[in-house]
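As provided, upload29.csv (CSV, C-alpha atoms) reads as follows.
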chain,number,residue,atom,x,y,z
P,85,MET,CA,18.3,11.1,10.4
P,86,ALA,CA,17.7,8.4,12.9
P,87,VAL,CA,18.1,4.8,11.7
P,88,PHE,CA,16.3,1.9,13.3
P,89,VAL,CA,18.0,-1.5,13.0
P,90,GLN,CA,16.1,-4.8,13.2
P,91,ILE,CA,18.6,-7.6,13.5
P,92,ASP,CA,18.3,-11.4,13.2
P,93,VAL,CA,15.0,-11.3,11.3
P,94,LYS,CA,13.3,-14.7,11.6
P,95,SER,CA,11.4,-16.6,8.9
P,96,THR,CA,8.2,-18.6,9.6
P,97,ARG,CA,6.5,-21.2,7.4
P,98,ALA,CA,3.3,-19.8,5.9
P,99,ASP,CA,0.1,-21.8,6.5
P,100,PHE,CA,-1.3,-23.3,3.2
P,101,GLU,CA,-4.9,-24.1,2.5
P,102,ILE,CA,-6.7,-25.4,-0.6
P,103,VAL,CA,-10.0,-23.6,-1.0
P,104,ASP,CA,-12.9,-24.5,-3.3
P,105,LEU,CA,-14.6,-21.2,-4.1
P,106,ARG,CA,-17.7,-23.1,-5.1
P,107,ASN,CA,-18.4,-23.4,-1.4
P,108,GLY,CA,-18.1,-19.7,-0.9
P,109,TYR,CA,-15.4,-17.3,-0.1
P,110,PRO,CA,-13.5,-18.4,3.1
P,111,LEU,CA,-13.9,-16.1,6.1
P,112,THR,CA,-10.9,-16.9,8.3
P,113,THR,CA,-9.1,-15.0,11.0
P,114,ILE,CA,-5.5,-14.2,10.4
P,115,ASP,CA,-2.9,-13.3,13.0
P,116,PRO,CA,-1.9,-9.7,12.2
P,117,ASP,CA,1.8,-10.6,12.2
P,118,SER,CA,1.4,-13.6,9.9
P,119,ILE,CA,0.7,-14.5,6.3
P,120,THR,CA,-1.3,-17.4,4.9
P,121,ILE,CA,-1.4,-18.9,1.4
P,122,LYS,CA,-4.7,-20.0,-0.2
P,123,GLN,CA,-4.9,-22.0,-3.4
P,124,TYR,CA,-8.1,-21.6,-5.5
P,125,HIS,CA,-7.0,-23.3,-8.7
P,126,THR,CA,-4.4,-26.0,-9.4
P,127,ASP,CA,-2.5,-23.6,-11.6
P,128,PHE,CA,-1.4,-21.8,-8.4
P,129,LYS,CA,1.3,-24.5,-8.2
P,130,ASP,CA,3.3,-22.6,-10.7
P,131,ILE,CA,3.3,-19.6,-8.3
P,132,GLY,CA,3.8,-20.9,-4.8
P,133,ASN,CA,5.0,-23.8,-2.8
P,134,LYS,CA,2.9,-25.1,0.0
P,135,ASP,CA,5.9,-26.9,1.5
P,136,GLY,CA,8.3,-24.0,1.3
P,137,ALA,CA,6.6,-20.6,1.4
P,138,GLU,CA,8.1,-18.5,4.3
P,139,TYR,CA,7.5,-15.0,5.5
P,140,SER,CA,9.2,-12.6,7.8
P,141,LEU,CA,7.8,-9.6,9.6
P,142,LEU,CA,10.6,-7.1,8.7
P,143,LEU,CA,9.2,-4.0,10.5
P,144,THR,CA,6.1,-3.0,12.5
P,145,SER,CA,4.8,0.1,14.2
P,146,SER,CA,1.8,-1.7,15.6
P,147,THR,CA,3.3,-1.8,19.2
P,148,THR,CA,4.6,1.7,19.2
P,149,SER,CA,3.2,4.7,17.3
P,150,ARG,CA,0.6,2.6,15.3
P,151,SER,CA,1.3,4.9,12.4
P,152,PRO,CA,0.8,3.6,8.8
P,153,PHE,CA,4.4,4.0,7.7
P,154,PHE,CA,4.1,1.2,5.1
P,155,HIS,CA,1.3,2.3,2.8
P,156,ASN,CA,2.4,3.1,-0.8
P,157,ALA,CA,5.2,3.1,-3.4
P,158,CYS,CA,7.1,-0.1,-2.3
P,159,VAL,CA,9.9,0.0,-4.8
P,160,TYR,CA,12.8,-2.5,-4.6
P,161,VAL,CA,16.2,-1.4,-5.9
P,162,PRO,CA,18.2,-4.6,-6.3
P,163,GLU,CA,21.6,-3.0,-7.0
P,164,ASN,CA,21.5,-1.2,-3.6
P,165,GLU,CA,19.4,-3.8,-1.8
P,166,GLU,CA,17.0,-1.0,-0.8
P,167,LEU,CA,13.2,-0.8,-0.4
P,168,TRP,CA,11.5,2.6,-0.8
P,169,VAL,CA,8.0,3.1,0.8
P,170,THR,CA,5.7,6.0,1.5
P,171,SER,CA,3.4,6.3,4.5
P,172,ASP,CA,-0.2,7.2,4.5
P,173,LEU,CA,-1.2,10.6,5.9
P,174,LEU,CA,0.4,11.1,9.3
P,175,GLN,CA,-1.1,13.7,11.7
P,176,THR,CA,1.1,16.5,12.9
P,177,THR,CA,1.3,17.9,16.4
P,178,SER,CA,-0.5,21.0,15.3
P,179,SER,CA,-4.2,20.8,14.3
P,180,SER,CA,-3.7,23.9,12.1
P,181,GLN,CA,-1.2,22.0,9.8
P,182,LEU,CA,-1.9,19.5,7.1
P,183,PRO,CA,-0.9,15.9,7.7
P,184,ILE,CA,2.4,14.8,6.4
P,185,ILE,CA,3.7,11.8,4.4
P,186,LEU,CA,7.1,10.3,5.2
P,187,ILE,CA,9.4,8.3,2.9
P,188,SER,CA,11.0,5.2,4.3
P,189,LYS,CA,14.3,3.8,3.0
P,190,ILE,CA,14.8,0.2,4.2
P,191,ARG,CA,18.2,-1.3,3.5
P,192,ILE,CA,18.2,-5.1,3.3
P,193,ARG,CA,21.2,-7.1,4.7
P,194,ARG,CA,21.2,-10.7,3.7
P,195,ALA,CA,23.0,-13.7,5.1
P,196,GLN,CA,26.2,-14.6,3.2
P,197,GLY,CA,25.4,-17.1,0.5
P,198,SER,CA,21.6,-16.8,1.2
P,199,GLU,CA,18.7,-14.8,-0.1
P,200,GLY,CA,17.2,-14.7,3.3
P,201,VAL,CA,17.2,-11.4,5.2
P,202,VAL,CA,19.2,-11.1,8.4
P,203,THR,CA,19.1,-7.4,9.2
P,204,VAL,CA,17.0,-4.4,8.0
P,205,GLU,CA,18.0,-0.7,8.5
P,206,TRP,CA,15.0,1.7,8.5
P,207,SER,CA,15.4,5.4,7.9
P,208,LYS,CA,12.4,7.8,7.9
P,209,LEU,CA,12.8,10.8,5.6
P,210,ARG,CA,10.8,13.9,5.2
P,211,PRO,CA,10.1,14.5,1.5
P,212,PRO,CA,11.7,17.5,-0.2
P,213,THR,CA,9.5,20.6,0.0
P,214,ASN,CA,8.9,20.7,-3.7
P,215,MET,CA,7.5,17.2,-3.8
P,216,ALA,CA,4.5,17.5,-1.6
P,217,MET,CA,2.6,14.4,-0.4
P,218,PRO,CA,4.4,11.6,-2.3
P,219,ALA,CA,2.4,8.5,-3.2
P,220,GLY,CA,3.3,5.8,-5.7
P,221,ALA,CA,6.7,5.4,-7.2
P,222,CYS,CA,8.8,3.3,-9.6
P,223,ALA,CA,12.4,2.8,-10.5
P,224,TYR,CA,13.6,5.2,-13.2
P,225,LEU,CA,17.0,5.9,-14.7
P,226,GLN,CA,19.4,6.4,-11.8
P,227,GLY,CA,16.8,6.9,-9.1
P,228,LEU,CA,13.0,6.9,-8.5
P,229,LEU,CA,10.0,8.4,-10.2
P,230,TYR,CA,7.5,9.7,-7.7
P,231,CYS,CA,3.9,10.7,-7.8
P,232,SER,CA,3.4,14.0,-5.8
P,233,GLN,CA,-0.2,14.4,-4.8
P,234,GLY,CA,0.4,18.1,-4.1
P,235,ALA,CA,-0.9,20.3,-1.3
P,236,LEU,CA,-3.6,22.9,-1.0
P,237,LYS,CA,-1.8,25.3,-3.4
P,238,PRO,CA,-3.1,24.4,-6.8
P,239,GLU,CA,0.3,24.6,-8.5
P,240,THR,CA,1.8,21.8,-6.5
P,241,GLY,CA,1.8,18.1,-7.4
P,242,GLY,CA,2.8,16.1,-10.4
P,243,ILE,CA,5.5,13.6,-11.5
P,244,TYR,CA,9.0,14.0,-10.1
P,245,TYR,CA,12.3,12.3,-10.7
P,246,MET,CA,14.5,11.9,-7.7
P,247,PRO,CA,18.1,10.8,-8.7
P,248,ARG,CA,19.9,8.9,-6.0
P,249,GLY,CA,21.4,11.2,-3.5
P,250,LYS,CA,20.0,14.3,-5.2
P,251,ALA,CA,16.9,16.6,-4.9
P,252,PRO,CA,13.9,15.7,-7.0
P,253,GLN,CA,13.3,17.4,-10.3
P,254,SER,CA,9.9,18.1,-11.7
P,255,VAL,CA,9.0,16.1,-14.8
P,256,ILE,CA,5.4,17.2,-15.5
P,257,THR,CA,3.2,19.2,-13.2
P,258,SER,CA,0.0,20.2,-15.2
P,259,PHE,CA,-2.1,19.4,-18.2
P,260,GLY,CA,-2.8,22.4,-20.5
P,261,GLY,CA,-2.0,24.7,-17.6
P,262,LEU,CA,-4.5,23.0,-15.2
P,263,PRO,CA,-3.1,21.4,-12.1
P,264,PHE,CA,-3.3,17.6,-11.7
P,265,ASN,CA,-5.7,16.2,-9.1
P,266,SER,CA,-3.5,14.0,-7.0
P,267,PRO,CA,-1.3,11.6,-9.0
P,268,GLN,CA,-1.2,8.1,-7.4
P,269,GLN,CA,0.7,5.5,-9.3
P,270,VAL,CA,3.3,5.6,-12.1
P,271,THR,CA,5.0,3.1,-14.4
P,272,VAL,CA,7.4,3.3,-17.3
P,273,SER,CA,7.0,1.4,-20.5
P,274,ARG,CA,9.9,-0.1,-22.5
P,275,ASP,CA,9.9,2.9,-24.9
P,276,GLY,CA,10.6,5.2,-22.0
P,277,SER,CA,7.2,6.8,-21.8
P,278,ILE,CA,5.7,7.5,-18.4
P,279,TRP,CA,2.1,6.4,-17.6
P,280,PHE,CA,0.3,7.6,-14.4
P,281,THR,CA,-3.1,7.8,-12.8
P,282,ASP,CA,-4.7,11.0,-11.5
P,283,PRO,CA,-7.9,10.5,-9.4
P,284,HIS,CA,-9.6,12.9,-7.1
P,285,ILE,CA,-8.3,11.2,-4.0
P,286,GLY,CA,-6.4,14.2,-2.7
P,287,PHE,CA,-9.6,16.4,-2.7
P,288,ALA,CA,-11.5,13.6,-0.9
P,289,LYS,CA,-8.8,13.6,1.8
P,290,GLU,CA,-8.8,17.4,2.0
P,291,ILE,CA,-5.2,17.8,1.0
P,292,ARG,CA,-6.0,19.2,-2.4
P,293,PRO,CA,-8.2,22.0,-3.8
P,294,SER,CA,-11.3,21.2,-5.9
P,295,PRO,CA,-10.4,19.2,-9.0
P,296,GLN,CA,-10.2,21.1,-12.3
P,297,LEU,CA,-9.7,17.9,-14.4
P,298,PRO,CA,-11.5,14.5,-14.6
P,299,SER,CA,-9.9,11.4,-13.2
P,300,HIS,CA,-7.6,10.6,-16.1
P,301,ILE,CA,-4.9,8.2,-17.0
P,302,TYR,CA,-2.0,10.0,-18.7
P,303,ARG,CA,1.0,9.1,-21.0
P,304,TYR,CA,4.0,11.4,-21.0
P,305,ASP,CA,6.7,11.0,-23.6
P,306,PRO,CA,9.9,12.8,-22.5
P,307,GLU,CA,11.6,11.9,-25.7
P,308,SER,CA,9.0,13.3,-28.1
P,309,ASP,CA,9.0,17.0,-27.3
P,310,GLY,CA,7.4,16.3,-23.9
P,311,VAL,CA,4.1,15.2,-25.3
P,312,LEU,CA,1.4,14.6,-22.6
P,313,ARG,CA,-1.8,12.8,-23.6
P,314,VAL,CA,-4.9,11.7,-21.9
P,315,VAL,CA,-5.2,8.0,-22.7
P,316,ALA,CA,-8.2,7.0,-20.7
P,317,ASN,CA,-11.1,8.5,-18.7
P,318,GLY,CA,-14.5,7.5,-17.5
P,319,LEU,CA,-13.2,5.7,-14.4
P,320,GLY,CA,-14.3,6.4,-10.8
P,321,ALA,CA,-10.9,6.5,-9.1
P,322,PRO,CA,-8.1,5.0,-11.2
P,323,THR,CA,-5.2,4.3,-9.0
P,324,GLY,CA,-2.9,1.3,-9.7
P,325,LEU,CA,-1.6,0.5,-13.2
P,326,CYS,CA,0.8,-2.0,-14.7
P,327,PHE,CA,1.6,-3.5,-18.1
P,328,SER,CA,1.5,-7.2,-19.0
P,329,PRO,CA,5.0,-8.6,-19.8
P,330,ASP,CA,4.5,-8.2,-23.5
P,331,GLU,CA,3.0,-4.7,-23.0
P,332,GLU,CA,0.0,-5.6,-25.1
P,333,THR,CA,-2.3,-5.0,-22.1
P,334,LEU,CA,-2.6,-2.3,-19.5
P,335,TYR,CA,-4.3,-3.2,-16.1
P,336,VAL,CA,-5.8,-0.4,-14.1
P,337,THR,CA,-7.5,-0.6,-10.6
P,338,ASP,CA,-10.5,1.5,-9.8
P,339,LEU,CA,-11.3,2.4,-6.2
P,340,GLY,CA,-14.7,3.9,-7.0
P,341,ALA,CA,-16.3,1.8,-4.2
P,342,LYS,CA,-14.4,3.7,-1.5
P,343,THR,CA,-15.9,6.6,0.4
P,344,ASP,CA,-13.9,9.8,1.1
P,345,SER,CA,-12.8,8.3,4.4
P,346,GLY,CA,-11.4,5.2,2.7
P,347,ASP,CA,-14.1,2.8,3.8
P,348,LEU,CA,-16.1,0.8,1.3
P,349,SER,CA,-19.4,2.5,0.6
P,350,SER,CA,-21.2,0.2,-1.9
P,351,LEU,CA,-20.0,-2.7,-3.9
P,352,GLN,CA,-22.4,-1.5,-6.6
P,353,ARG,CA,-19.6,1.0,-7.3
P,354,PRO,CA,-16.2,-0.1,-8.8
P,355,ALA,CA,-13.8,-2.3,-6.9
P,356,THR,CA,-12.5,-3.5,-10.1
P,357,ILE,CA,-9.4,-4.2,-12.2
P,358,TYR,CA,-9.9,-3.1,-15.8
P,359,ALA,CA,-7.9,-4.3,-18.8
P,360,PHE,CA,-7.2,-2.3,-21.9
P,361,ASP,CA,-5.6,-3.4,-25.1
P,362,MET,CA,-2.7,-1.4,-26.5
P,363,LEU,CA,-3.2,-0.3,-30.1
P,364,VAL,CA,-0.7,1.7,-32.2
P,365,ARG,CA,-2.0,4.3,-34.7
P,366,SER,CA,0.2,6.8,-36.4
P,367,ASP,CA,3.1,5.6,-34.3
P,368,GLN,CA,1.2,6.5,-31.1
P,369,PRO,CA,-0.2,4.0,-28.5
P,370,PHE,CA,-3.9,4.1,-27.7
P,371,LEU,CA,-5.9,2.2,-25.0
P,372,THR,CA,-8.8,0.3,-26.5
P,373,ASN,CA,-11.3,-2.5,-25.6
P,374,LYS,CA,-11.8,-1.5,-22.0
P,375,ARG,CA,-13.2,-4.6,-20.1
P,376,VAL,CA,-13.6,-5.9,-16.6
P,377,PHE,CA,-10.7,-8.1,-15.8
P,378,ALA,CA,-11.6,-8.9,-12.2
P,379,PHE,CA,-13.6,-7.7,-9.3
P,380,ALA,CA,-11.9,-7.9,-5.9
P,381,MET,CA,-13.3,-10.5,-3.6
P,382,LYS,CA,-12.7,-8.3,-0.6
P,383,GLY,CA,-12.2,-4.6,-0.4
P,384,ALA,CA,-11.1,-2.6,-3.4
P,385,PRO,CA,-7.9,-3.3,-5.4
P,386,VAL,CA,-5.2,-0.6,-5.0
P,387,ALA,CA,-1.8,-1.6,-6.4
P,388,VAL,CA,-1.6,-4.0,-9.3
P,389,LYS,CA,1.4,-5.9,-10.8
P,390,CYS,CA,2.2,-8.7,-13.2
P,391,ASP,CA,4.7,-11.5,-12.8
P,392,ASP,CA,7.0,-12.7,-15.6
P,393,VAL,CA,4.3,-15.0,-17.1
P,394,GLY,CA,1.5,-12.5,-17.0
P,395,ASN,CA,-0.4,-13.5,-13.8
P,396,VAL,CA,-2.0,-10.5,-12.2
P,397,TYR,CA,-1.6,-9.6,-8.5
P,398,ALA,CA,-3.6,-6.9,-6.7
P,399,ALA,CA,-3.4,-5.4,-3.2
P,400,CYS,CA,-6.9,-5.9,-1.8
P,401,GLY,CA,-8.8,-5.9,1.5
P,402,ASP,CA,-7.8,-9.5,2.2
P,403,GLY,CA,-4.2,-9.4,1.1
P,404,ILE,CA,-2.9,-10.0,-2.4
P,405,GLU,CA,-5.4,-11.6,-4.8
P,406,ILE,CA,-4.0,-13.4,-7.8
P,407,TRP,CA,-5.5,-14.1,-11.2
P,408,SER,CA,-4.3,-15.8,-14.3
P,409,PRO,CA,-3.9,-13.7,-17.5
P,410,GLY,CA,-7.4,-15.0,-18.4
P,411,GLY,CA,-8.9,-13.6,-15.2
P,412,VAL,CA,-9.2,-17.0,-13.4
P,413,PRO,CA,-8.8,-16.6,-9.6
P,414,LEU,CA,-5.7,-18.6,-8.7
P,415,GLY,CA,-5.1,-17.9,-5.0
P,416,LEU,CA,-4.5,-15.4,-2.2
P,417,ILE,CA,-1.6,-14.2,-0.1
P,418,GLY,CA,-3.7,-13.5,3.0
P,419,VAL,CA,-2.7,-10.5,5.1
P,420,ALA,CA,-4.8,-9.4,8.1
P,421,GLY,CA,-6.4,-6.0,7.4
P,422,GLY,CA,-5.4,-6.2,3.7
P,423,CYS,CA,-2.5,-5.0,1.7
P,424,SER,CA,-1.9,-1.5,0.4
P,425,ALA,CA,1.2,-1.9,-1.8
P,426,PHE,CA,3.7,-4.6,-2.7
P,427,CYS,CA,6.6,-5.3,-5.1
P,428,PHE,CA,8.6,-8.2,-6.3
P,429,GLY,CA,12.2,-8.7,-5.1
P,430,GLY,CA,14.5,-11.6,-6.1
P,431,GLU,CA,13.2,-14.8,-7.5
P,432,GLY,CA,10.1,-15.9,-5.6
P,433,GLU,CA,10.4,-12.9,-3.3
P,434,MET,CA,7.8,-10.3,-2.5
P,435,PHE,CA,7.7,-7.3,-0.1
P,436,ILE,CA,4.3,-6.5,1.2
P,437,CYS,CA,3.1,-3.3,2.8
P,438,ALA,CA,0.2,-3.6,5.3
P,439,GLU,CA,0.0,-0.1,6.8
P,440,GLN,CA,1.6,-0.8,10.2
P,441,ARG,CA,3.6,-3.8,9.0
P,442,LEU,CA,6.1,-4.6,6.4
P,443,PHE,CA,6.5,-8.3,5.3
P,444,ARG,CA,8.9,-10.2,3.2
P,445,LEU,CA,7.5,-13.4,1.5
P,446,ASP,CA,9.5,-16.1,-0.2
P,447,LEU,CA,7.0,-18.1,-2.3
P,448,TYR,CA,9.3,-20.9,-3.2
P,449,GLY,CA,10.8,-23.9,-1.5
P,450,GLU,CA,12.5,-27.1,-2.5
P,451,THR,CA,9.4,-29.2,-3.1
P,452,PRO,CA,7.1,-28.1,-6.0
P,453,LEU,CA,3.3,-28.2,-5.5
P,454,GLU,CA,1.6,-31.3,-6.6
P,455,ASP,CA,-1.7,-31.3,-8.5
P,456,GLU,CA,-4.6,-31.5,-6.0
P,457,ASP,CA,-8.2,-32.6,-6.4
P,458,MET,CA,-10.0,-29.3,-6.0
P,459,SER,CA,-13.4,-31.1,-5.6
P,460,GLN,CA,-12.4,-32.5,-2.2
In structure tokens, how does this file's structure come out?
Amino acid sequence: MAVFVQIDVKSTRADFEIVDLRNGYPLTTIDPDSITIKQYHTDFKDIGNKDGAEYSLLLTSSTTSRSPFFHNACVYVPENEELWVTSDLLQTTSSSQLPIILISKIRIRRAQGSEGVVTVEWSKLRPPTNMAMPAGACAYLQGLLYCSQGALKPETGGIYYMPRGKAPQSVITSFGGLPFNSPQQVTVSRDGSIWFTDPHIGFAKEIRPSPQLPSHIYRYDPESDGVLRVVANGLGAPTGLCFSPDEETLYVTDLGAKTDSGDLSSLQRPATIYAFDMLVRSDQPFLTNKRVFAFAMKGAPVAVKCDDVGNVYAACGDGIEIWSPGGVPLGLIGVAGGCSAFCFGGEGEMFICAEQRLFRLDLYGETPLEDEDMSQ
């Protein structure tokens, strides 16, 4: 296993701009190796700092292979100072073979007495043979929980637990004996239940056979006799999901507006974040009151996460779009070409996947944002 080491990682101050959306969405050119911060609402001051936000380009393949190594998963493990990322489909040297997906382990080395990154160590790993085409992931027990999209054999794919330093173990691989489509994102609630999305993306990308199930959202309870339930359907391509901090709301992204090739086809189709209320009946959770939470301003939302106060962040075609819990657009972390996955690190820290580039962003500085007149 080869390890690439990037030393003396430099930080750069992020450009900051106040934008009045009443004048239209800003069309600006962003340097591919940079990040910009845009404030749409004064409440954004509680998220970022115009005088202190800094970013670092940790890794890039844009000048070498141009391969999309930084595409999905994006899980930060603080106790080991590691970041785990999955690539998009990578073409093999043989046209007769399916593309592959690689897992990247990025070890973070910080300056002594500082949260800043000094060195990163990047290892590219082939996924274990029983965990074909890994996609999204989350921290779980003593390791990671992965979505395996599966391959052309119907019996492949599902949710797998990969303990640190050990081979992955299958958790759930079918519903009623029928194979999953291509699980994409997974999260774990406080009660230990596993929630995941299963759209038809693998079939569209020609890595999975024809679907035998609708595009469902599932809940699996490993502590209750392994009960697997469908908790939502009727979505185009449910992909990202996350809970609000109080777990009273589940947010789900729908990529229905994308074509099979991944391009946007029609904004008359979903490029939407939906919100569901959590309702308990007979000691079991149900998703109710499905509603539009937000529509992406550019591209389609992929990954979605909440911060500690309930603000909602989504990986979109212009970067990371941010809304208040009430659906008010607060601002944008602008990334050229968009963002495909991200995660929170330490306080005020984010790691951002942008296909060929991996960024670290520190949103806070020493001077808090002041209230601004948004009408100017």
>> Can you measure CA of Asp130 (chain P) to CA of Pro385 (chain P) for me? One decimal in Å is fine.
In response: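 The value is 22.9 Å.
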Check which residues of region 223-255 of chain P sit at most 7 Å from region 288-302 of chain P using all atoms listed in the file, and return one row each with the closest pair of atoms and their distance in Å to one decimal, ordered by chain and rising number, as JSON lines.
{"residue": "P:Gly234", "atom": "CA", "partner": "P:Arg292", "partner_atom": "CA", "distance": 6.7}
{"residue": "P:Ala235", "atom": "CA", "partner": "P:Arg292", "partner_atom": "CA", "distance": 5.3}
{"residue": "P:Leu236", "atom": "CA", "partner": "P:Arg292", "partner_atom": "CA", "distance": 4.6}
{"residue": "P:Pro238", "atom": "CA", "partner": "P:Pro293", "partner_atom": "CA", "distance": 6.4}
Please produce a file of those selected residues containing C-alpha atoms, as a PDB file, in the frame of the given file.
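What ended up in again02.pdb:
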ATOM      1  CA  GLY P 234       0.400  18.100  -4.100  1.00  0.00           C
ATOM      2  CA  ALA P 235      -0.900  20.300  -1.300  1.00  0.00           C
ATOM      3  CA  LEU P 236      -3.600  22.900  -1.000  1.00  0.00           C
ATOM      4  CA  PRO P 238      -3.100  24.400  -6.800  1.00  0.00           C
TER       5      PRO P 238
END
>> Could you tell me how far CA of Ala398 (chain P) sits from CA of Gly422 (chain P), in Å to one decimal place?
In response: 10.6 Å
> To one decimal place, how far is CA of Gln233 (chain P) from CA of Gly220 (chain P) in Å?
Replying inline: 9.3 Å
>> Could you check the closest approach to Gly432 (chain P) for each of P:Asp330, P:Glu239, P:Asp391, P:Asp446 and tell me which residue wins, using all atoms listed in the file?
In response: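 Closest candidate: P:Asp446.
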>> For a quick check of understanding, using only C-alpha atoms, which of P:Gly429, P:Pro369, P:Gly320, P:Pro329 has the smallest distance to Asp305 (chain P)?
In response: P:Pro369
Residues near region 167-177 of chain P, anyone? I mean within 8 Å using all atoms listed in the file, not counting same-chain ones fewer than 5 positions away, as a CSV table (one decimal) with C-alpha atoms, in the frame of the given file.
chain,number,residue,atom,x,y,z
P,151,SER,CA,1.3,4.9,12.4
P,152,PRO,CA,0.8,3.6,8.8
P,153,PHE,CA,4.4,4.0,7.7
P,154,PHE,CA,4.1,1.2,5.1
P,155,HIS,CA,1.3,2.3,2.8
P,156,ASN,CA,2.4,3.1,-0.8
P,157,ALA,CA,5.2,3.1,-3.4
P,158,CYS,CA,7.1,-0.1,-2.3
P,159,VAL,CA,9.9,0.0,-4.8
P,160,TYR,CA,12.8,-2.5,-4.6
P,161,VAL,CA,16.2,-1.4,-5.9
P,182,LEU,CA,-1.9,19.5,7.1
P,183,PRO,CA,-0.9,15.9,7.7
P,184,ILE,CA,2.4,14.8,6.4
P,185,ILE,CA,3.7,11.8,4.4
P,186,LEU,CA,7.1,10.3,5.2
P,187,ILE,CA,9.4,8.3,2.9
P,188,SER,CA,11.0,5.2,4.3
P,189,LYS,CA,14.3,3.8,3.0
P,190,ILE,CA,14.8,0.2,4.2
P,191,ARG,CA,18.2,-1.3,3.5
P,192,ILE,CA,18.2,-5.1,3.3
P,218,PRO,CA,4.4,11.6,-2.3
P,219,ALA,CA,2.4,8.5,-3.2
P,220,GLY,CA,3.3,5.8,-5.7
P,439,GLU,CA,0.0,-0.1,6.8
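In this comparison, which uses all atoms listed in the file, the residue of P:Glu205, P:Phe259, P:Phe379, P:Ile243 approaching Val412 (chain P) most closely is P:Phe379.
Using all atoms listed in the file, the nearest neighbour of Met434 (chain P) within the list P:Gln90, P:Tyr397, P:Lys122, P:Met362 is P:Tyr397.
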With N, CA, C and O atoms as the goal, would you fill in the gaps in region 262-274 of chain P and present it as a PDB file, in the frame of the given file?
ATOM      1  N   LEU P 262      -3.624  23.366 -16.389  1.00  0.00           N
ATOM      2  CA  LEU P 262      -4.500  23.000 -15.200  1.00  0.00           C
ATOM      3  C   LEU P 262      -3.735  22.047 -14.339  1.00  0.00           C
ATOM      4  O   LEU P 262      -3.076  21.115 -14.819  1.00  0.00           O
ATOM      5  N   PRO P 263      -3.844  22.230 -13.019  1.00  0.00           N
ATOM      6  CA  PRO P 263      -3.100  21.400 -12.100  1.00  0.00           C
ATOM      7  C   PRO P 263      -3.703  19.946 -12.095  1.00  0.00           C
ATOM      8  O   PRO P 263      -4.910  19.754 -12.283  1.00  0.00           O
ATOM      9  N   PHE P 264      -2.833  18.972 -11.904  1.00  0.00           N
ATOM     10  CA  PHE P 264      -3.300  17.600 -11.700  1.00  0.00           C
ATOM     11  C   PHE P 264      -4.116  17.517 -10.416  1.00  0.00           C
ATOM     12  O   PHE P 264      -3.997  18.364  -9.519  1.00  0.00           O
ATOM     13  N   ASN P 265      -4.903  16.456 -10.303  1.00  0.00           N
ATOM     14  CA  ASN P 265      -5.700  16.200  -9.100  1.00  0.00           C
ATOM     15  C   ASN P 265      -4.873  15.751  -7.940  1.00  0.00           C
ATOM     16  O   ASN P 265      -4.659  16.467  -6.963  1.00  0.00           O
ATOM     17  N   SER P 266      -4.384  14.529  -8.025  1.00  0.00           N
ATOM     18  CA  SER P 266      -3.500  14.000  -7.000  1.00  0.00           C
ATOM     19  C   SER P 266      -2.910  12.665  -7.598  1.00  0.00           C
ATOM     20  O   SER P 266      -3.436  11.582  -7.327  1.00  0.00           O
ATOM     21  N   PRO P 267      -1.870  12.758  -8.419  1.00  0.00           N
ATOM     22  CA  PRO P 267      -1.300  11.600  -9.000  1.00  0.00           C
ATOM     23  C   PRO P 267      -0.989  10.479  -8.002  1.00  0.00           C
ATOM     24  O   PRO P 267      -0.460  10.765  -6.924  1.00  0.00           O
ATOM     25  N   GLN P 268      -1.340   9.226  -8.368  1.00  0.00           N
ATOM     26  CA  GLN P 268      -1.200   8.100  -7.400  1.00  0.00           C
ATOM     27  C   GLN P 268      -0.218   7.077  -7.726  1.00  0.00           C
ATOM     28  O   GLN P 268       0.541   6.655  -6.862  1.00  0.00           O
ATOM     29  N   GLN P 269      -0.228   6.568  -8.958  1.00  0.00           N
ATOM     30  CA  GLN P 269       0.700   5.500  -9.300  1.00  0.00           C
ATOM     31  C   GLN P 269       1.301   5.788 -10.686  1.00  0.00           C
ATOM     32  O   GLN P 269       0.652   6.388 -11.558  1.00  0.00           O
ATOM     33  N   VAL P 270       2.528   5.325 -10.882  1.00  0.00           N
ATOM     34  CA  VAL P 270       3.300   5.600 -12.100  1.00  0.00           C
ATOM     35  C   VAL P 270       4.038   4.384 -12.538  1.00  0.00           C
ATOM     36  O   VAL P 270       4.505   3.596 -11.704  1.00  0.00           O
ATOM     37  N   THR P 271       4.151   4.193 -13.842  1.00  0.00           N
ATOM     38  CA  THR P 271       5.000   3.100 -14.400  1.00  0.00           C
ATOM     39  C   THR P 271       5.595   3.616 -15.680  1.00  0.00           C
ATOM     40  O   THR P 271       5.135   4.601 -16.282  1.00  0.00           O
ATOM     41  N   VAL P 272       6.639   2.936 -16.105  1.00  0.00           N
ATOM     42  CA  VAL P 272       7.400   3.300 -17.300  1.00  0.00           C
ATOM     43  C   VAL P 272       7.376   2.169 -18.278  1.00  0.00           C
ATOM     44  O   VAL P 272       7.713   1.040 -17.910  1.00  0.00           O
ATOM     45  N   SER P 273       7.003   2.432 -19.522  1.00  0.00           N
ATOM     46  CA  SER P 273       7.000   1.400 -20.500  1.00  0.00           C
ATOM     47  C   SER P 273       8.380   1.238 -21.159  1.00  0.00           C
ATOM     48  O   SER P 273       9.275   2.056 -20.924  1.00  0.00           O
ATOM     49  N   ARG P 274       8.542   0.202 -21.966  1.00  0.00           N
ATOM     50  CA  ARG P 274       9.900  -0.100 -22.500  1.00  0.00           C
ATOM     51  C   ARG P 274      10.361   1.033 -23.445  1.00  0.00           C
ATOM     52  O   ARG P 274      11.569   1.193 -23.634  1.00  0.00           O
TER      53      ARG P 274
END
